[in-house]
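Down below is the structure, laid out as structure tokens.
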Amino acid sequence: MSPRARRVAGLVALGLAGLGLAAWLDGRAPGGAPGIVTTVTIAPDGTGPGVPARTGAGDAPAAAPVAPDPASPDPVARGAYLALAGNCAGCHTARGGAPYAGGRPIATPFGTIHASNLTPDAATGIGAWTADDFARAMHEGRSKDGRALYPAFPYTDYTRLTRSDTDALFAYLRQLPPVSAPYRPHALRFPWSLPWLLDGWRLVYFRPARFEPDPSKDAAWNRGAYLVGALGHCGACHTARDALGGPSGPALGGGALETLGWHAPSLLDDAAGGVGGWSVEETVAWLATGIGPRAVATGPMARVVSDSLQHLVPDDLRAMAAYLKALPGAGTPAPKASRAREPAGAATLGLGERLYRERCEDCHGASGEGGPPHWPALAGNRTLAQASPVNTIRAVLHGGFAPATSDNPRPYGMPPFGPELDDREAAALVSWLRATWGRGASPVDAREVNALRPIPVE
């Protein structure tokens with residue numbers, strides 16, 4: 001047998017052994033009702049933490065909103081703040097539904113997962129759960145009945161939460177008005193619908209852990225590491241994933257959000273999404289408002305700012321800024337993914353420039369200087385220089401909308417040009433932008449534009 005054949009046979013044997021062990025582990029777990037499932041992006045419309053839920057007939061009256069306070073001795077107030085920092089309502093609230101009552105469909109590359117009900121309804125929520133049950137879900141990724149939870153719920157990050165924080169979160173959720181919201185079954189494609197495969201995934205990708213402060217760093221850095229790496233679960237979007245949904249690159253090194261049609265840039269590369277060259281003040285302001293002279297948050301990140309980050313206290317924002325600025329590689333551009341292509345032709349660039357002069361110049365300026373912070377500058381704009389053109393294409397097709405925050409309650413927005421431009425025209429415009437202000441970034445073609453048109457806009 002050749003060396004290559006032996007390697008293949010070894011991998012097949014290892015895979016079969018792993019699946020057998022996963023099946024054995026699954027047989028050990030008791031059956032029961034499905035547990036918590038959720039994901040990490042898009043927040044709900046028109047509802048949020050602290051907003052009284054709509055209760056059904058016979059339900060207890062809605063509780064008064066709780067003032068979030070990270071320093072309060074009251075665990076409910078601390079839990080309200082932690083729920084904001086973790087953006088829990090962003091996935092556990094269906095569009096137009098009661099806060100935390102679940103039911104929101106979460107699109108994944110493997111099918112649709114429906115977020116669960118976190119209100120204290122005894123039959124359909126977590127009313128029968130104990131604090132230990134909840135801590136187990138957050139730390140070990142297992143439901144009350146012992147069943148493994150789908151990793152769309154970011155327990156791979158939440159596993160690092162302290163027990164005092166999970167207890168405070170549980171205390172906050174327990175005082176919410178109970179809402180009867182029956183479980184909606186997931187719609188996962190075969191073979192991902194086989195539950196024992198989940199235990200196999202956990203064997204490869206998950207180990208329970210706790211956050212351990214770095215004694216060589218100061219308190220602000222450690223607090224920032226906790227907020228970014230555990231409670232805020234930033235790596236759930238900003239870390240690349242492989243075909244099985246496991247991390248496949250450096251933590252916070254950037255990755256594609258396939259089902260959302262966006263690209264989360266690397267936070268290790270200042271030419272992409274890093275802030276190593278920003279001041280702490282600039283970074284804090286951007287996290288709190290999503291706008292600044294260097295960048296504007298749009299897409300999923302705008303919802304994170306609107307529904308989570310803007311509610312954090314200044315000390316926590318400064319801690320996040322300190323940690324992000326000190327990330328390994330911050331200040332040093334990382335190697336970009338290859339997109340070797342021939343430069344766009346003169347006809348394509350000519351069409352792109354004409355479209356820019358007609359439709360974009362009034363706001364972004366003849367030389368791409370813009371009018372920051374409301375009209376972003378395109379000259380030097382790092383989105384245009386990214387290896388992935390996805391975010392630029394999305395902005396051209398569907399517009400760009402900064403988050404509404406208390407400091408910027410009526411943000412300016414960019415109108416969508418998708419209804420006015422065909423695929424060839426949009427590709428020409430993006431190619432010209434990238435060639436002109438993207439440091440010679442590669443052009444795009446009409447097929448890339450067409451692939452992003454049908455993806456829903458949240």
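How things are named: the first chain in the structure tokens is A, the next is B, and so on; residues count from 1 in each chain; ligands count from 1 in the order shown.
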Find the spatial neighbours of region 414-430 of chain A, counting only C-alpha atoms, within a cut-off of 8 Å - ignore same-chain residues fewer than 2 positions away - and output them as a VMD selection string.
chain A and resid 348 to 349 351 to 353 355 to 356 392 to 393 395 to 401 412 432 to 434 443 to 450 453
Near-Ala168 (chain A) list (10 Å; only C-alpha atoms; drop same-chain fewer than 2 positions) as a ChimeraX atom specification:
/A:74-83,131,163-166,170-174
Save out the residues we just selected, N, CA, C and O atoms, as a PDB file, in the first residue's frame.
```pdb
ATOM      1  N   ASP A  74     -27.472  44.157  43.250  1.00  0.00           N
ATOM      2  CA  ASP A  74     -28.669  43.410  42.855  1.00  0.00           C
ATOM      3  C   ASP A  74     -28.341  42.571  41.620  1.00  0.00           C
ATOM      4  O   ASP A  74     -28.012  43.111  40.559  1.00  0.00           O
ATOM      5  N   PRO A  75     -28.413  41.243  41.703  1.00  0.00           N
ATOM      6  CA  PRO A  75     -28.070  40.415  40.548  1.00  0.00           C
ATOM      7  C   PRO A  75     -28.983  40.649  39.349  1.00  0.00           C
ATOM      8  O   PRO A  75     -28.563  40.445  38.211  1.00  0.00           O
ATOM      9  N   VAL A  76     -30.224  41.079  39.587  1.00  0.00           N
ATOM     10  CA  VAL A  76     -31.130  41.338  38.464  1.00  0.00           C
ATOM     11  C   VAL A  76     -30.636  42.532  37.648  1.00  0.00           C
ATOM     12  O   VAL A  76     -30.612  42.494  36.418  1.00  0.00           O
ATOM     13  N   ALA A  77     -30.227  43.589  38.329  1.00  0.00           N
ATOM     14  CA  ALA A  77     -29.707  44.759  37.624  1.00  0.00           C
ATOM     15  C   ALA A  77     -28.404  44.423  36.887  1.00  0.00           C
ATOM     16  O   ALA A  77     -28.170  44.861  35.762  1.00  0.00           O
ATOM     17  N   ARG A  78     -27.547  43.642  37.534  1.00  0.00           N
ATOM     18  CA  ARG A  78     -26.307  43.233  36.864  1.00  0.00           C
ATOM     19  C   ARG A  78     -26.623  42.328  35.687  1.00  0.00           C
ATOM     20  O   ARG A  78     -26.008  42.417  34.621  1.00  0.00           O
ATOM     21  N   GLY A  79     -27.579  41.431  35.857  1.00  0.00           N
ATOM     22  CA  GLY A  79     -27.960  40.536  34.771  1.00  0.00           C
ATOM     23  C   GLY A  79     -28.540  41.280  33.584  1.00  0.00           C
ATOM     24  O   GLY A  79     -28.297  40.914  32.428  1.00  0.00           O
ATOM     25  N   ALA A  80     -29.303  42.349  33.860  1.00  0.00           N
ATOM     26  CA  ALA A  80     -29.846  43.156  32.762  1.00  0.00           C
ATOM     27  C   ALA A  80     -28.723  43.774  31.944  1.00  0.00           C
ATOM     28  O   ALA A  80     -28.787  43.836  30.710  1.00  0.00           O
ATOM     29  N   TYR A  81     -27.672  44.223  32.631  1.00  0.00           N
ATOM     30  CA  TYR A  81     -26.523  44.793  31.925  1.00  0.00           C
ATOM     31  C   TYR A  81     -25.776  43.721  31.144  1.00  0.00           C
ATOM     32  O   TYR A  81     -25.392  43.922  29.980  1.00  0.00           O
ATOM     33  N   LEU A  82     -25.574  42.569  31.733  1.00  0.00           N
ATOM     34  CA  LEU A  82     -24.872  41.484  31.060  1.00  0.00           C
ATOM     35  C   LEU A  82     -25.646  41.011  29.830  1.00  0.00           C
ATOM     36  O   LEU A  82     -25.047  40.667  28.804  1.00  0.00           O
ATOM     37  N   ALA A  83     -26.974  40.989  29.913  1.00  0.00           N
ATOM     38  CA  ALA A  83     -27.775  40.592  28.761  1.00  0.00           C
ATOM     39  C   ALA A  83     -27.606  41.578  27.606  1.00  0.00           C
ATOM     40  O   ALA A  83     -27.607  41.188  26.431  1.00  0.00           O
ATOM     41  N   ALA A 131     -30.525  27.523  38.567  1.00  0.00           N
ATOM     42  CA  ALA A 131     -29.309  28.266  38.233  1.00  0.00           C
ATOM     43  C   ALA A 131     -28.207  27.320  37.772  1.00  0.00           C
ATOM     44  O   ALA A 131     -27.396  27.659  36.897  1.00  0.00           O
ATOM     45  N   ARG A 163     -19.133  32.194  37.081  1.00  0.00           N
ATOM     46  CA  ARG A 163     -20.386  31.684  37.620  1.00  0.00           C
ATOM     47  C   ARG A 163     -21.239  32.827  38.158  1.00  0.00           C
ATOM     48  O   ARG A 163     -22.476  32.805  38.045  1.00  0.00           O
ATOM     49  N   SER A 164     -20.631  33.851  38.740  1.00  0.00           N
ATOM     50  CA  SER A 164     -21.430  34.963  39.255  1.00  0.00           C
ATOM     51  C   SER A 164     -22.167  35.673  38.128  1.00  0.00           C
ATOM     52  O   SER A 164     -23.299  36.141  38.316  1.00  0.00           O
ATOM     53  N   ASP A 165     -21.564  35.738  36.942  1.00  0.00           N
ATOM     54  CA  ASP A 165     -22.237  36.384  35.820  1.00  0.00           C
ATOM     55  C   ASP A 165     -23.366  35.517  35.266  1.00  0.00           C
ATOM     56  O   ASP A 165     -24.432  36.037  34.904  1.00  0.00           O
ATOM     57  N   THR A 166     -23.163  34.212  35.171  1.00  0.00           N
ATOM     58  CA  THR A 166     -24.262  33.376  34.685  1.00  0.00           C
ATOM     59  C   THR A 166     -25.416  33.378  35.681  1.00  0.00           C
ATOM     60  O   THR A 166     -26.587  33.366  35.286  1.00  0.00           O
ATOM     61  N   PHE A 170     -29.214  34.649  34.840  1.00  0.00           N
ATOM     62  CA  PHE A 170     -30.366  33.805  35.149  1.00  0.00           C
ATOM     63  C   PHE A 170     -31.365  34.554  36.018  1.00  0.00           C
ATOM     64  O   PHE A 170     -32.583  34.468  35.792  1.00  0.00           O
ATOM     65  N   ALA A 171     -30.876  35.300  36.996  1.00  0.00           N
ATOM     66  CA  ALA A 171     -31.772  36.076  37.861  1.00  0.00           C
ATOM     67  C   ALA A 171     -32.562  37.089  37.045  1.00  0.00           C
ATOM     68  O   ALA A 171     -33.759  37.301  37.282  1.00  0.00           O
ATOM     69  N   TYR A 172     -31.896  37.728  36.071  1.00  0.00           N
ATOM     70  CA  TYR A 172     -32.604  38.699  35.234  1.00  0.00           C
ATOM     71  C   TYR A 172     -33.665  38.019  34.380  1.00  0.00           C
ATOM     72  O   TYR A 172     -34.810  38.481  34.293  1.00  0.00           O
ATOM     73  N   LEU A 173     -33.308  36.915  33.739  1.00  0.00           N
ATOM     74  CA  LEU A 173     -34.271  36.225  32.882  1.00  0.00           C
ATOM     75  C   LEU A 173     -35.444  35.691  33.682  1.00  0.00           C
ATOM     76  O   LEU A 173     -36.581  35.685  33.190  1.00  0.00           O
ATOM     77  N   ARG A 174     -35.187  35.273  34.914  1.00  0.00           N
ATOM     78  CA  ARG A 174     -36.266  34.707  35.732  1.00  0.00           C
ATOM     79  C   ARG A 174     -37.313  35.734  36.121  1.00  0.00           C
ATOM     80  O   ARG A 174     -38.456  35.364  36.418  1.00  0.00           O
TER      81      ARG A 174
END
```
Which of region 154-394 of chain A counts as strand (DSSP E) under DSSP, as a PDB file with C-alpha atoms, in the first residue's frame please?
```pdb
ATOM      1  CA  ALA A 187     -34.999  22.583   9.834  1.00  0.00           C
ATOM      2  CA  LEU A 188     -31.496  21.200   9.395  1.00  0.00           C
ATOM      3  CA  GLY A 255     -14.270  35.452   8.225  1.00  0.00           C
ATOM      4  CA  ALA A 256     -17.217  35.226   5.859  1.00  0.00           C
ATOM      5  CA  LEU A 257     -20.776  35.430   7.199  1.00  0.00           C
ATOM      6  CA  TRP A 262     -21.313  39.974   4.770  1.00  0.00           C
ATOM      7  CA  HIS A 263     -17.628  39.656   5.626  1.00  0.00           C
ATOM      8  CA  ALA A 264     -16.430  40.229   9.204  1.00  0.00           C
TER       9      ALA A 264
END
```
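Distance annotation: of A:Gly253, A:Gly200, A:Pro151, A:Gly103, the residue with the minimal separation from Pro185 (chain A) is A:Gly103; atom set is only C-alpha atoms.
The two atoms in question, CA of Leu317 (chain A) and CA of Ile291 (chain A), are spaced 14.7 Å apart.
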Counting only C-alpha atoms, figure out which residue out of A:Pro70, A:Gly329, A:Gly273, A:Gly254 gets nearest to Leu384 (chain A).
A:Gly273
Looking at A:His139, A:Arg189, A:Arg207, A:His238, which one is nearest to Phe153 (chain A), with distances taken over only C-alpha atoms?
A:His139
